[in-house]
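Reproduced below: upload_38.cif, with mmCIF, C-alpha atoms.
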```cif
data_run
loop_
_atom_site.label_atom_id
_atom_site.label_comp_id
_atom_site.auth_asym_id
_atom_site.auth_seq_id
_atom_site.Cartn_x
_atom_site.Cartn_y
_atom_site.Cartn_z
CA MET A 1 28.29 9.55 -1.96
CA GLN A 2 30.30 11.10 -4.79
CA THR A 3 28.59 11.18 -8.20
CA SER A 4 29.76 11.93 -11.73
CA PHE A 5 26.69 12.84 -13.77
CA THR A 6 27.17 15.09 -16.78
CA LEU A 7 25.49 18.47 -17.10
CA ALA A 8 23.38 17.04 -19.91
CA GLN A 9 22.18 14.24 -17.65
CA LEU A 10 21.40 16.66 -14.82
CA ALA A 11 19.16 18.64 -17.15
CA ASP A 12 16.66 15.81 -16.67
CA PRO A 13 14.71 16.66 -13.47
CA ASN A 14 14.45 12.99 -12.50
CA VAL A 15 18.20 12.48 -12.82
CA ALA A 16 18.87 15.70 -10.92
CA ASN A 17 16.62 14.56 -8.10
CA SER A 18 18.25 11.12 -7.96
CA GLU A 19 21.69 12.72 -7.93
CA LYS A 20 20.71 14.70 -4.81
CA ILE A 21 19.47 11.54 -3.15
CA LEU A 22 22.66 9.65 -3.97
CA ARG A 23 24.82 12.43 -2.51
CA THR A 24 22.90 12.12 0.77
CA CYS A 25 23.97 8.50 1.31
CA VAL A 26 27.04 8.11 3.55
CA HIS A 27 27.52 4.32 3.05
CA CYS A 28 26.91 3.63 6.77
CA GLY A 29 25.03 0.38 6.14
CA LEU A 30 22.56 0.78 9.00
CA CYS A 31 19.81 0.10 6.49
CA THR A 32 21.00 -3.46 5.94
CA ALA A 33 19.85 -4.57 9.39
CA THR A 34 16.21 -3.72 8.69
CA CYS A 35 16.01 -4.71 5.02
CA PRO A 36 13.87 -7.85 4.67
CA THR A 37 15.68 -9.19 1.60
CA TYR A 38 19.11 -8.70 3.14
CA VAL A 39 17.94 -10.35 6.38
CA LEU A 40 16.71 -13.32 4.34
CA LEU A 41 19.37 -13.60 1.64
CA GLY A 42 22.48 -12.05 3.20
CA ASP A 43 23.57 -10.56 -0.14
CA GLU A 44 24.90 -7.00 -0.06
CA LEU A 45 23.32 -6.36 -3.47
CA ASP A 46 19.96 -7.24 -1.94
CA SER A 47 20.35 -4.49 0.65
CA PRO A 48 19.47 -0.80 0.19
CA ARG A 49 23.15 0.16 0.21
CA GLY A 50 23.98 -2.41 -2.46
CA ARG A 51 21.05 -1.40 -4.62
CA ILE A 52 22.00 2.27 -4.30
CA TYR A 53 25.42 1.46 -5.78
CA LEU A 54 23.83 -0.50 -8.61
CA ILE A 55 21.34 2.29 -9.34
CA LYS A 56 24.05 4.94 -9.22
CA ASN A 57 26.18 3.11 -11.77
CA MET A 58 23.18 2.43 -13.99
CA LEU A 59 21.98 6.03 -14.02
CA GLU A 60 25.47 7.49 -14.45
CA GLY A 61 26.14 5.16 -17.35
CA GLY A 62 22.86 6.14 -18.95
CA GLY A 63 22.65 2.96 -21.01
CA PRO A 64 20.29 0.00 -20.83
CA ALA A 65 19.87 -1.71 -17.47
CA THR A 66 21.77 -4.97 -17.10
CA GLU A 67 20.33 -8.29 -16.01
CA ARG A 68 22.32 -8.06 -12.77
CA VAL A 69 20.84 -4.68 -11.86
CA VAL A 70 17.32 -5.77 -12.79
CA LYS A 71 17.58 -8.91 -10.65
CA HIS A 72 18.42 -7.02 -7.47
CA VAL A 73 16.13 -4.02 -8.03
CA ASP A 74 13.27 -6.41 -8.77
CA ARG A 75 13.91 -8.11 -5.43
CA CYS A 76 13.34 -4.83 -3.58
CA LEU A 77 9.95 -4.79 -1.85
CA SER A 78 9.79 -0.98 -1.62
CA CYS A 79 8.83 -1.56 2.02
CA LEU A 80 10.82 1.61 2.86
CA SER A 81 12.06 0.20 6.17
CA CYS A 82 15.47 1.54 5.14
CA MET A 83 14.07 5.08 5.14
CA THR A 84 12.94 4.71 8.74
CA THR A 85 16.39 3.43 9.71
CA CYS A 86 18.54 5.84 7.68
CA PRO A 87 20.16 8.56 9.83
CA SER A 88 20.95 10.68 6.75
CA GLY A 89 17.41 10.95 5.38
CA VAL A 90 18.10 9.20 2.06
CA ASN A 91 14.87 9.20 0.04
CA TYR A 92 15.26 5.65 -1.21
CA MET A 93 11.62 5.57 -2.37
CA HIS A 94 12.12 8.19 -5.08
CA LEU A 95 15.46 6.68 -6.09
CA VAL A 96 14.19 3.13 -6.58
CA ASP A 97 11.06 4.41 -8.36
CA HIS A 98 13.31 6.25 -10.83
CA ALA A 99 15.41 3.11 -11.27
CA ARG A 100 12.32 1.05 -12.08
CA GLN A 101 11.26 3.53 -14.75
CA HIS A 102 14.75 3.41 -16.28
CA ILE A 103 14.63 -0.39 -16.27
CA GLU A 104 11.19 -0.42 -17.88
CA ALA A 105 12.39 1.97 -20.60
CA THR A 106 15.72 0.27 -21.39
CA TYR A 107 15.61 -3.42 -20.46
CA ARG A 108 14.05 -6.16 -22.59
CA ARG A 109 12.53 -8.67 -20.19
CA PRO A 110 11.79 -12.29 -21.16
CA PHE A 111 8.45 -12.71 -22.92
CA HIS A 112 6.65 -14.41 -20.01
CA ASP A 113 7.79 -11.68 -17.61
CA ARG A 114 6.61 -8.92 -19.95
CA MET A 115 3.22 -10.58 -20.36
CA LEU A 116 2.70 -11.08 -16.64
CA ARG A 117 3.61 -7.49 -15.85
CA ALA A 118 1.39 -6.18 -18.64
CA MET A 119 -1.48 -8.31 -17.32
CA LEU A 120 -1.06 -7.01 -13.78
CA ALA A 121 -0.89 -3.39 -14.96
CA LEU A 122 -4.02 -3.89 -17.08
CA ILE A 123 -6.22 -5.90 -14.72
CA LEU A 124 -5.54 -4.88 -11.11
CA PRO A 125 -6.41 -1.17 -11.43
CA ARG A 126 -9.79 -1.95 -13.08
CA PRO A 127 -12.29 -3.48 -10.62
CA ALA A 128 -14.65 -4.93 -13.25
CA LEU A 129 -11.80 -6.57 -15.14
CA PHE A 130 -10.16 -7.75 -11.93
CA ARG A 131 -13.43 -9.36 -10.84
CA LEU A 132 -13.69 -11.26 -14.12
CA ALA A 133 -10.07 -12.39 -13.78
CA LEU A 134 -10.75 -13.70 -10.26
CA VAL A 135 -13.78 -15.65 -11.46
CA ALA A 136 -11.61 -17.25 -14.15
CA GLY A 137 -8.87 -17.85 -11.60
CA TRP A 138 -11.34 -19.44 -9.19
CA LEU A 139 -12.35 -21.95 -11.85
CA ALA A 140 -8.69 -22.76 -12.58
CA ARG A 141 -7.58 -22.60 -8.94
CA PRO A 142 -7.37 -26.37 -8.25
CA VAL A 143 -4.90 -26.75 -11.12
CA MET A 144 -3.00 -23.47 -10.64
CA ARG A 145 -2.27 -24.13 -6.96
CA ARG A 146 -0.24 -27.20 -7.93
CA LEU A 147 1.93 -25.37 -10.43
CA PRO A 148 5.42 -24.12 -9.51
CA GLY A 149 6.65 -20.52 -9.44
CA ARG A 150 4.52 -17.55 -10.35
CA LEU A 151 1.54 -19.46 -11.72
CA GLY A 152 1.27 -21.42 -8.51
CA GLY A 153 1.59 -18.20 -6.54
CA LEU A 154 -1.23 -16.66 -8.54
CA GLY A 155 -3.44 -19.67 -7.86
CA ARG A 156 -2.82 -19.48 -4.12
CA LEU A 157 -3.78 -15.79 -4.07
CA VAL A 158 -7.20 -16.35 -5.67
CA PRO A 159 -9.78 -16.06 -2.85
CA ARG A 160 -12.07 -18.98 -2.05
CA THR A 161 -15.13 -16.76 -2.26
CA LEU A 162 -15.88 -13.49 -4.03
CA ALA A 163 -18.34 -10.93 -2.68
CA PRO A 164 -20.64 -9.09 -5.09
CA PRO A 165 -19.83 -5.45 -5.93
CA SER A 166 -20.77 -3.06 -3.15
CA PRO A 167 -23.16 -0.17 -3.91
CA VAL A 168 -21.04 2.15 -1.76
CA ASP A 169 -18.21 2.22 -4.31
CA ARG A 170 -20.21 4.17 -6.91
CA PRO A 171 -19.87 7.99 -7.08
CA GLN A 172 -22.21 9.46 -4.44
CA VAL A 173 -22.37 11.38 -1.18
CA PHE A 174 -23.04 9.80 2.22
CA ALA A 175 -24.63 12.19 4.69
CA ALA A 176 -23.08 12.66 8.10
CA GLU A 177 -24.99 11.87 11.25
CA PRO A 178 -25.76 15.31 12.70
CA PRO A 179 -24.16 17.51 13.58
CA ARG A 180 -21.87 17.48 10.55
CA ARG A 181 -18.27 18.06 11.59
CA LYS A 182 -16.24 17.39 8.46
CA ARG A 183 -16.53 16.68 4.73
CA VAL A 184 -14.08 14.23 3.16
CA ALA A 185 -13.50 12.30 -0.04
CA LEU A 186 -12.88 8.57 0.29
CA LEU A 187 -10.67 6.75 -2.19
CA ALA A 188 -12.79 3.74 -3.20
CA GLY A 189 -9.68 2.11 -4.66
CA CYS A 190 -9.44 -0.77 -7.10
CA ALA A 191 -8.31 -4.20 -5.88
CA GLN A 192 -9.60 -3.67 -2.34
CA GLN A 193 -13.19 -3.02 -3.39
CA VAL A 194 -13.16 -6.36 -5.23
CA LEU A 195 -11.35 -8.47 -2.62
CA ARG A 196 -12.82 -6.94 0.56
CA PRO A 197 -15.75 -4.57 -0.22
CA GLU A 198 -16.73 -4.65 3.45
CA ILE A 199 -13.77 -2.41 4.27
CA ASN A 200 -15.19 0.60 2.41
CA GLU A 201 -18.63 -0.13 3.88
CA ALA A 202 -17.24 -0.17 7.43
CA THR A 203 -15.17 2.97 6.78
CA ILE A 204 -18.19 4.90 5.53
CA ARG A 205 -20.33 3.83 8.51
CA LEU A 206 -17.52 4.74 10.90
CA LEU A 207 -16.97 8.18 9.38
CA THR A 208 -20.64 9.16 9.02
CA ARG A 209 -21.27 8.03 12.63
CA HIS A 210 -18.60 10.53 13.64
CA GLY A 211 -20.33 13.42 11.85
CA VAL A 212 -18.30 13.19 8.64
CA GLU A 213 -19.89 13.59 5.21
CA VAL A 214 -18.24 11.18 2.79
CA VAL A 215 -17.88 11.82 -0.94
CA ILE A 216 -17.02 9.15 -3.51
CA ALA A 217 -15.89 11.51 -6.26
CA SER A 218 -16.80 10.78 -9.85
CA GLY A 219 -13.67 10.07 -11.89
CA SER A 220 -11.52 8.90 -8.98
CA GLY A 221 -10.14 5.38 -9.12
CA CYS A 222 -6.87 3.49 -8.82
CA CYS A 223 -4.22 5.61 -7.10
CA GLY A 224 -1.62 4.64 -9.73
CA ALA A 225 0.69 2.73 -7.39
CA ILE A 226 0.45 -0.56 -9.27
CA ALA A 227 1.69 0.92 -12.54
CA HIS A 228 4.15 3.17 -10.70
CA HIS A 229 5.93 0.29 -8.96
CA LEU A 230 6.02 -1.67 -12.20
CA GLY A 231 8.01 1.21 -13.72
CA ARG A 232 5.16 2.32 -15.99
CA GLY A 233 5.46 6.02 -15.34
CA GLU A 234 3.03 7.41 -17.90
CA ALA A 235 0.26 4.98 -16.97
CA ALA A 236 0.75 5.88 -13.31
CA LEU A 237 0.65 9.60 -14.00
CA GLY A 238 -2.56 9.15 -15.97
CA ALA A 239 -4.23 7.67 -12.89
CA VAL A 240 -2.74 10.41 -10.72
CA ARG A 241 -4.15 13.16 -12.94
CA ASP A 242 -7.58 11.52 -13.00
CA ASN A 243 -7.72 11.47 -9.21
CA VAL A 244 -6.37 15.00 -8.84
CA ALA A 245 -9.00 16.27 -11.29
CA ALA A 246 -11.81 14.42 -9.49
CA TRP A 247 -10.83 15.60 -6.02
CA ASP A 248 -10.02 19.13 -7.11
CA LEU A 249 -13.56 19.37 -8.47
CA ALA A 250 -14.93 18.07 -5.16
CA ILE A 251 -12.89 20.73 -3.38
CA ALA A 252 -14.30 23.41 -5.65
CA GLU A 253 -17.91 22.20 -5.29
CA GLY A 254 -18.15 21.83 -1.54
CA GLY A 255 -14.73 21.88 0.03
CA LEU A 256 -12.89 18.93 1.55
CA ASP A 257 -11.35 18.68 4.99
CA ALA A 258 -9.41 15.57 4.00
CA ILE A 259 -9.02 12.82 1.45
CA VAL A 260 -9.35 9.66 3.51
CA ILE A 261 -7.63 6.48 2.36
CA ASN A 262 -8.09 3.07 3.95
CA ALA A 263 -5.44 1.18 1.98
CA SER A 264 -2.09 2.39 3.24
CA GLY A 265 -0.24 1.48 0.04
CA CYS A 266 -2.55 3.89 -1.78
CA GLY A 267 -2.08 6.49 0.94
CA THR A 268 1.69 6.54 0.48
CA MET A 269 1.16 7.06 -3.25
CA VAL A 270 -1.43 9.84 -2.90
CA LYS A 271 0.69 11.70 -0.38
CA ASP A 272 3.41 11.75 -3.05
CA TYR A 273 1.21 13.27 -5.77
CA GLY A 274 2.75 16.70 -5.30
CA PHE A 275 6.20 15.32 -6.01
CA LEU A 276 5.08 13.22 -8.97
CA LEU A 277 3.51 16.20 -10.76
CA ARG A 278 5.92 18.84 -9.46
CA ASP A 279 7.18 19.80 -12.93
CA ASP A 280 3.79 19.93 -14.64
CA PRO A 281 2.53 23.55 -14.81
CA ARG A 282 -1.08 22.44 -15.23
CA TRP A 283 -1.15 19.90 -12.41
CA ALA A 284 1.53 20.89 -9.88
CA ALA A 285 -0.65 23.13 -7.68
CA PRO A 286 -3.77 20.92 -7.52
CA ALA A 287 -1.62 17.81 -7.00
CA ALA A 288 0.14 19.46 -4.07
CA ARG A 289 -3.25 20.49 -2.67
CA VAL A 290 -4.56 16.93 -2.92
CA ALA A 291 -1.40 15.44 -1.38
CA GLY A 292 -1.69 17.85 1.53
CA LEU A 293 -5.24 16.67 2.25
CA ALA A 294 -4.46 12.92 2.12
CA ARG A 295 -4.91 11.09 5.42
CA ASP A 296 -4.95 7.45 6.39
CA VAL A 297 -8.29 6.62 8.00
CA SER A 298 -6.58 5.97 11.36
CA GLU A 299 -4.67 9.23 11.10
CA PHE A 300 -7.89 11.14 10.36
CA LEU A 301 -9.83 9.50 13.19
CA ALA A 302 -7.03 10.19 15.65
CA GLU A 303 -7.24 13.88 14.71
CA LEU A 304 -11.05 13.83 14.90
CA GLY A 305 -11.38 11.89 18.13
CA LEU A 306 -13.14 8.55 18.60
CA LYS A 307 -16.74 8.64 19.82
CA THR A 308 -17.89 6.87 22.94
CA VAL A 309 -17.22 3.18 22.55
CA GLU A 310 -20.36 1.04 22.75
CA ARG A 311 -18.69 -2.35 22.91
CA ARG A 312 -15.52 -3.19 24.83
CA SER A 313 -14.43 -6.71 24.03
CA GLY A 314 -11.06 -7.07 25.70
CA ILE A 315 -10.13 -9.37 22.82
CA ALA A 316 -6.41 -9.61 22.15
CA VAL A 317 -5.65 -8.01 18.78
CA ALA A 318 -2.29 -8.48 17.08
CA TYR A 319 -1.59 -5.27 15.18
CA GLN A 320 0.28 -5.76 11.91
CA SER A 321 1.81 -2.41 11.02
CA ALA A 322 1.79 -2.22 7.22
CA CYS A 323 5.11 -1.04 5.79
CA SER A 324 3.41 1.63 3.69
CA LEU A 325 1.84 3.05 6.85
CA GLN A 326 4.73 2.87 9.32
CA HIS A 327 7.60 3.53 6.89
CA GLY A 328 5.91 5.25 3.95
CA GLN A 329 3.61 7.57 5.90
CA LYS A 330 5.21 7.49 9.39
CA VAL A 331 1.83 6.71 10.95
CA THR A 332 2.68 4.38 13.80
CA ALA A 333 0.87 5.30 17.02
CA ALA A 334 -2.62 6.20 15.77
CA PRO A 335 -3.97 2.74 14.79
CA GLN A 336 -2.86 1.05 17.99
CA ALA A 337 -4.06 3.95 20.15
CA LEU A 338 -7.50 3.86 18.52
CA LEU A 339 -7.80 0.10 18.95
CA ALA A 340 -6.82 0.39 22.62
CA LEU A 341 -9.33 3.20 23.13
CA ALA A 342 -11.95 0.96 21.52
CA GLY A 343 -11.37 -1.62 24.25
CA PHE A 344 -9.08 -4.12 22.56
CA ASP A 345 -5.99 -5.65 24.12
CA VAL A 346 -3.49 -4.54 21.47
CA ARG A 347 -0.37 -6.65 21.06
CA GLU A 348 2.54 -5.62 18.85
CA ILE A 349 3.97 -8.32 16.62
CA PRO A 350 7.72 -9.13 16.94
CA GLU A 351 9.85 -7.88 14.05
CA SER A 352 7.02 -5.49 13.21
CA HIS A 353 9.36 -3.47 11.00
CA LEU A 354 9.82 -6.39 8.57
CA CYS A 355 7.55 -6.68 5.53
CA CYS A 356 5.05 -9.54 5.25
CA GLY A 357 6.02 -10.05 1.60
CA SER A 358 2.91 -8.71 -0.11
CA ALA A 359 4.26 -5.36 -1.34
CA GLY A 360 1.72 -4.72 -4.09
CA THR A 361 2.48 -7.26 -6.81
CA TYR A 362 5.67 -8.57 -5.18
CA ASN A 363 4.09 -11.81 -3.93
CA ILE A 364 3.20 -12.58 -7.55
CA LEU A 365 6.48 -11.50 -9.15
CA GLN A 366 8.82 -12.82 -6.42
CA PRO A 367 6.85 -15.72 -4.91
CA GLU A 368 9.74 -17.53 -3.21
CA ILE A 369 10.96 -14.53 -1.21
CA ALA A 370 7.38 -13.45 -0.50
CA ALA A 371 6.53 -16.93 0.82
CA ALA A 372 9.52 -16.89 3.17
CA LEU A 373 8.54 -13.49 4.53
CA ARG A 374 4.92 -14.61 4.90
CA ALA A 375 5.95 -17.66 6.92
CA ARG A 376 8.12 -15.50 9.15
CA LYS A 377 5.28 -13.01 9.72
CA ILE A 378 2.69 -15.71 10.44
CA ALA A 379 5.03 -17.25 13.02
CA ALA A 380 5.50 -13.84 14.63
CA ILE A 381 1.73 -13.33 14.78
CA ALA A 382 1.21 -16.75 16.35
CA SER A 383 3.74 -15.91 19.08
CA VAL A 384 1.52 -13.17 20.57
CA GLU A 385 -1.52 -15.48 20.89
CA ALA A 386 -4.12 -12.98 19.71
CA GLY A 387 -7.73 -13.71 18.75
CA ILE A 388 -7.78 -11.26 15.83
CA VAL A 389 -5.17 -9.63 13.59
CA ALA A 390 -5.69 -5.99 12.58
CA THR A 391 -3.93 -4.11 9.83
CA GLY A 392 -4.52 -1.17 7.50
CA ASN A 393 -3.60 -2.46 4.05
CA ILE A 394 -5.40 -4.89 1.76
CA GLY A 395 -2.13 -6.43 0.53
CA CYS A 396 -1.12 -7.39 4.07
CA MET A 397 -4.59 -8.76 4.76
CA GLN A 398 -4.46 -11.10 1.78
CA GLN A 399 -0.85 -12.11 2.43
CA ILE A 400 -1.05 -13.03 6.11
CA ALA A 401 -4.49 -14.62 6.12
CA ASP A 402 -3.95 -18.14 7.43
CA PRO A 403 -6.72 -20.78 7.41
CA GLY A 404 -5.42 -22.08 10.72
CA GLY A 405 -4.86 -18.70 12.31
CA PRO A 406 -6.92 -15.80 13.64
CA PRO A 407 -9.11 -13.77 11.27
CA VAL A 408 -7.43 -10.74 9.69
CA LEU A 409 -9.50 -7.55 9.73
CA HIS A 410 -9.00 -3.95 8.76
CA THR A 411 -8.55 -1.57 11.68
CA ALA A 412 -11.61 0.38 10.47
CA GLU A 413 -13.79 -2.75 10.69
CA LEU A 414 -12.95 -3.20 14.37
CA LEU A 415 -13.46 0.49 15.14
CA ASP A 416 -16.79 0.42 13.30
CA TRP A 417 -17.99 -2.51 15.40
CA ALA A 418 -16.76 -0.99 18.66
CA THR A 419 -18.64 2.27 18.00
CA GLY A 420 -21.96 0.67 17.04
CA GLY A 421 -21.56 -1.05 13.67
CA PRO A 422 -22.17 -4.69 12.81
CA ALA A 423 -19.69 -7.39 13.69
CA PRO A 424 -17.38 -8.14 10.74
CA GLU A 425 -18.49 -11.41 9.17
CA ARG A 426 -14.99 -12.90 9.28
CA ALA A 427 -14.87 -12.53 13.07
CA ARG A 428 -18.53 -12.60 13.97
CA GLY A 429 -18.18 -15.62 16.22
CA ARG A 430 -15.40 -14.01 18.23
CA LEU A 431 -17.11 -10.63 18.58
CA ALA A 432 -20.77 -11.60 18.95
CA GLN A 433 -20.28 -12.92 22.48
CA ASN A 434 -18.95 -9.55 23.68
#
```
Target format structure tokens, applied to this file:
Amino acid sequence: MQTSFTLAQLADPNVANSEKILRTCVHCGLCTATCPTYVLLGDELDSPRGRIYLIKNMLEGGGPATERVVKHVDRCLSCLSCMTTCPSGVNYMHLVDHARQHIEATYRRPFHDRMLRAMLALILPRPALFRLALVAGWLARPVMRRLPGRLGGLGRLVPRTLAPPSPVDRPQVFAAEPPRRKRVALLAGCAQQVLRPEINEATIRLLTRHGVEVVIASGSGCCGAIAHHLGRGEAALGAVRDNVAAWDLAIAEGGLDAIVINASGCGTMVKDYGFLLRDDPRWAAPAARVAGLARDVSEFLAELGLKTVERRSGIAVAYQSACSLQHGQKVTAAPQALLALAGFDVREIPESHLCCGSAGTYNILQPEIAAALRARKIAAIASVEAGIVATGNIGCMQQIADPGGPPVLHTAELLDWATGGPAPERARGRLAQN
């Protein structure tokens, strides 16, 4: 793609990087076939190719983003399916992230939109505040669920029950069952530890059972993805620096073989830390070191090797491949291979490349499109007739949970049970008989 940025514009490292990305695109349009919004809406401007043109014109012009550009960039899920499809290696992720920051800096959104986005950026990364918000939402849930649009979407996302805080999420060290083989840091996360604290508990049991010492580093917290995808660059970089500092200290104190992450949306973000802080003399080297150590829990276990399985259920498990794992991190085989090794009958879901519609805060900000994608995904899951659904991202778990369908568990929960851990409460009836 031909570009016409000025030398002054190219002096900005972010513009220079986006210009390189734009020049890589050859307009082939293969990305349109795997873009969820284009598949649903059929609008070229809601495809990666269409958005690339809009972003190019916006960045070259240098002025405020227009309502038209904002509409179509906002509709992008950042599922990154287009990056898996693209034969030219266009880094759409970095391009759309830059576009969102430009929009945030130059576009005046309606008041209600600004308030909702500010609320999400404030509450979701802070577990204590998020917990309070969910309690308030639970009280208002009967009313909110009947409201249209975003408020109704928020009400439907409030869980029916809320588990108490888990003691495992505090800074501490969990000893490995001897002999110790590895030492890792685990990202305790933010929203996940509130919505599904049992995931971190299962992950820690699973890792320590495999001879892995697990560190919850003091000072680590939200990965920064929530603010990042809302276009709030400085807030995101603040979270990034906090995590890099915490993990770099853990490296210095006792060494780390990996930084294990059990929410794939967070994993995609952490693996990009080196790029995000590439121009910062103070943080570039430690950020690159941290990014190089980041591993999804399934990726790490595949490298480590699964211990002898104690329970083989034969239960059919529909594996939902989270976009951030299959497209963002290119981890595709490991989760399914581990589940099969653990004795499950693993079934791949049709249209597995298409997003379920969660996409961080997307199901709140774009509830109509998210609902259509959710319905499509739930129908695909039902078609494989599985007893349990497994996935590796909290957003997917919340989005595709269906009161009338099979329980949705994290891959680590099933692997924990298969290698000697307790049966996950949400599927205890299905697993206890095996």
Near stretch 229-251 of chain A, 9 Å: stretch 257-355 of chain A residue rows, closest pairs, only C-alpha atoms, as a Markdown table:
```
| residue | atom | partner | partner_atom | distance |
| --- | --- | --- | --- | --- |
| A:Asp257 | CA | A:Ile251 | CA | 8.8 |
| A:Ile259 | CA | A:Trp247 | CA | 8.2 |
| A:Val270 | CA | A:Val240 | CA | 7.9 |
| A:Tyr273 | CA | A:Val240 | CA | 6.9 |
| A:Leu276 | CA | A:Leu237 | CA | 7.6 |
| A:Leu277 | CA | A:Leu237 | CA | 7.9 |
| A:Trp283 | CA | A:Arg241 | CA | 7.4 |
| A:Pro286 | CA | A:Asp248 | CA | 6.5 |
| A:Ala287 | CA | A:Val244 | CA | 5.8 |
| A:Arg289 | CA | A:Asp248 | CA | 8.2 |
| A:Val290 | CA | A:Val244 | CA | 6.5 |
| A:Ala291 | CA | A:Val244 | CA | 9.0 |
```
Could you turn the residues from that selection into a file that holds C-alpha atoms, as a PDB file, in the coordinates of the input?
```
ATOM      1  CA  ASP A 257     -11.350  18.680   4.990  1.00  0.00           C
ATOM      2  CA  ILE A 259      -9.020  12.820   1.450  1.00  0.00           C
ATOM      3  CA  VAL A 270      -1.430   9.840  -2.900  1.00  0.00           C
ATOM      4  CA  TYR A 273       1.210  13.270  -5.770  1.00  0.00           C
ATOM      5  CA  LEU A 276       5.080  13.220  -8.970  1.00  0.00           C
ATOM      6  CA  LEU A 277       3.510  16.200 -10.760  1.00  0.00           C
ATOM      7  CA  TRP A 283      -1.150  19.900 -12.410  1.00  0.00           C
ATOM      8  CA  PRO A 286      -3.770  20.920  -7.520  1.00  0.00           C
ATOM      9  CA  ALA A 287      -1.620  17.810  -7.000  1.00  0.00           C
ATOM     10  CA  ARG A 289      -3.250  20.490  -2.670  1.00  0.00           C
ATOM     11  CA  VAL A 290      -4.560  16.930  -2.920  1.00  0.00           C
ATOM     12  CA  ALA A 291      -1.400  15.440  -1.380  1.00  0.00           C
TER      13      ALA A 291
END
```
message = Quick check on the file I pasted: which residues fall under the PyMOL selection byres ((chain A and resi 362) around 12)? Write them as an NGL selection string.
response = :A and (73-79 or 117 or 120 or 150 or 153-154 or 157 or 226 or 229-230 or 355-361 or 363-371 or 373-374 or 395-396 or 399)
query = Where does the PyMOL selection byres ((chain A and resi 177) around 8) land in this file, that is, which residues does it pick, as an MDAnalysis selection string?
reply = chainID A and resid 175:176 178:180 208:212
task = Just give me the residues with any atom within 7 Å of (-14.0, -11.7, -3.1), file coordinates, counting all atoms listed in the file, written as a ChimeraX atom specification.
result = /A:159,161-163,194-196
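The neighbours of A:Asn17 here are the residues that come within 12 Å of it, using only C-alpha atoms and leaving out any residue fewer than 4 positions away in the same chain; they are Phe5, Gln9, Leu10, Ala11, Asp12, Pro13, Ile21, Leu22, Arg23, Thr24, Leu59, Val90, Asn91, Tyr92, Met93, His94, Leu95, Val96, Asp97, His98, Ala99, Phe275, Leu276, Arg278 and Asp279 of chain A.
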request  = Check what the PyMOL selection byres ((chain A and resi 378-385) around 8) selects in the file above and give those residues as an NGL selection string.
outcome  = :A and (316 or 318 or 347-351 or 374-377 or 386-387 or 389 or 400 or 402 or 405)
Neighbours of point (-20.9, 0.2, 23.6) within 8 Å, using all atoms listed in the file, written as number ranges by chain = A: 308-312, 418-420
message = For a quick check of understanding, using all atoms listed in the file, which of A:Ala65, A:Ala258, A:Ile204, A:Val215 has the smallest distance to A:Ala412?
response =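 Under the stated criterion, the closest residue is A:Ile204.
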key: Nearest residue to A:Gly265 from the set A:Gly305, A:Gly292, A:Gly392, A:Pro165 (distances using all atoms listed in the file)   =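 Residue with the minimum atom-to-atom distance to A:Gly265: A:Gly392.
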ask   = Between A:Pro142, A:Pro125, A:Pro281, A:Gly62, which one has atoms that come closest to A:His228, using all atoms listed in the file?
value = A:Pro125
inquiry  = What does the structure give for the distance between atom CA of A:Gly224 and atom CA of A:His72, in Å to one decimal?
reply    =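 Spanning atom CA of A:Gly224 to atom CA of A:His72 is a straight-line distance of 23.3 Å.
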Using all atoms listed in the file, determine which residues lie at most 12 Å from A:Arg160, disregarding the query and same-chain residues fewer than 3 positions distant; provide the list as an mmCIF file with C-alpha atoms, in the frame of the given file.
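Output file out_1.cif is given in full below:
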```
data_model
loop_
_atom_site.group_PDB
_atom_site.id
_atom_site.type_symbol
_atom_site.label_atom_id
_atom_site.label_comp_id
_atom_site.auth_asym_id
_atom_site.auth_seq_id
_atom_site.Cartn_x
_atom_site.Cartn_y
_atom_site.Cartn_z
ATOM 1 C CA LEU A 134 -10.750 -13.700 -10.260
ATOM 2 C CA VAL A 135 -13.780 -15.650 -11.460
ATOM 3 C CA GLY A 137 -8.870 -17.850 -11.600
ATOM 4 C CA TRP A 138 -11.340 -19.440 -9.190
ATOM 5 C CA LEU A 139 -12.350 -21.950 -11.850
ATOM 6 C CA ALA A 140 -8.690 -22.760 -12.580
ATOM 7 C CA ARG A 141 -7.580 -22.600 -8.940
ATOM 8 C CA PRO A 142 -7.370 -26.370 -8.250
ATOM 9 C CA GLY A 155 -3.440 -19.670 -7.860
ATOM 10 C CA ARG A 156 -2.820 -19.480 -4.120
ATOM 11 C CA LEU A 157 -3.780 -15.790 -4.070
ATOM 12 C CA ALA A 163 -18.340 -10.930 -2.680
ATOM 13 C CA LEU A 195 -11.350 -8.470 -2.620
ATOM 14 C CA GLN A 398 -4.460 -11.100 1.780
ATOM 15 C CA ALA A 401 -4.490 -14.620 6.120
ATOM 16 C CA PRO A 403 -6.720 -20.780 7.410
#
```
Atom CA of A:Asn393 to atom CA of A:Leu187, distance in Å rounded to a single decimal =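 So the answer is 13.2 Å.
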ask   = What is the distance, in Å and to one decimal place, between atom CA of A:Ala188 and atom CA of A:Ile388?
value =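 About the pair atom CA of A:Ala188 and atom CA of A:Ile388: they are 24.7 Å apart.
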task = Determine the nearest neighbour of A:Cys86 from the options A:Arg100, A:His410, A:Lys182, A:Arg49, counting only C-alpha atoms.
result = A:Arg49
What box, with edges along x, y and z, holds each listed atom of stretch 305-314 of chain A when 5 Å is added on every side, and can you state its centre and edge lengths in Å to one decimal, as AutoDock Vina command-line options?
```
--center_x -15.7 --center_y 2.4 --center_z 21.9 --size_x 19.3 --size_y 29.0 --size_z 17.6
```
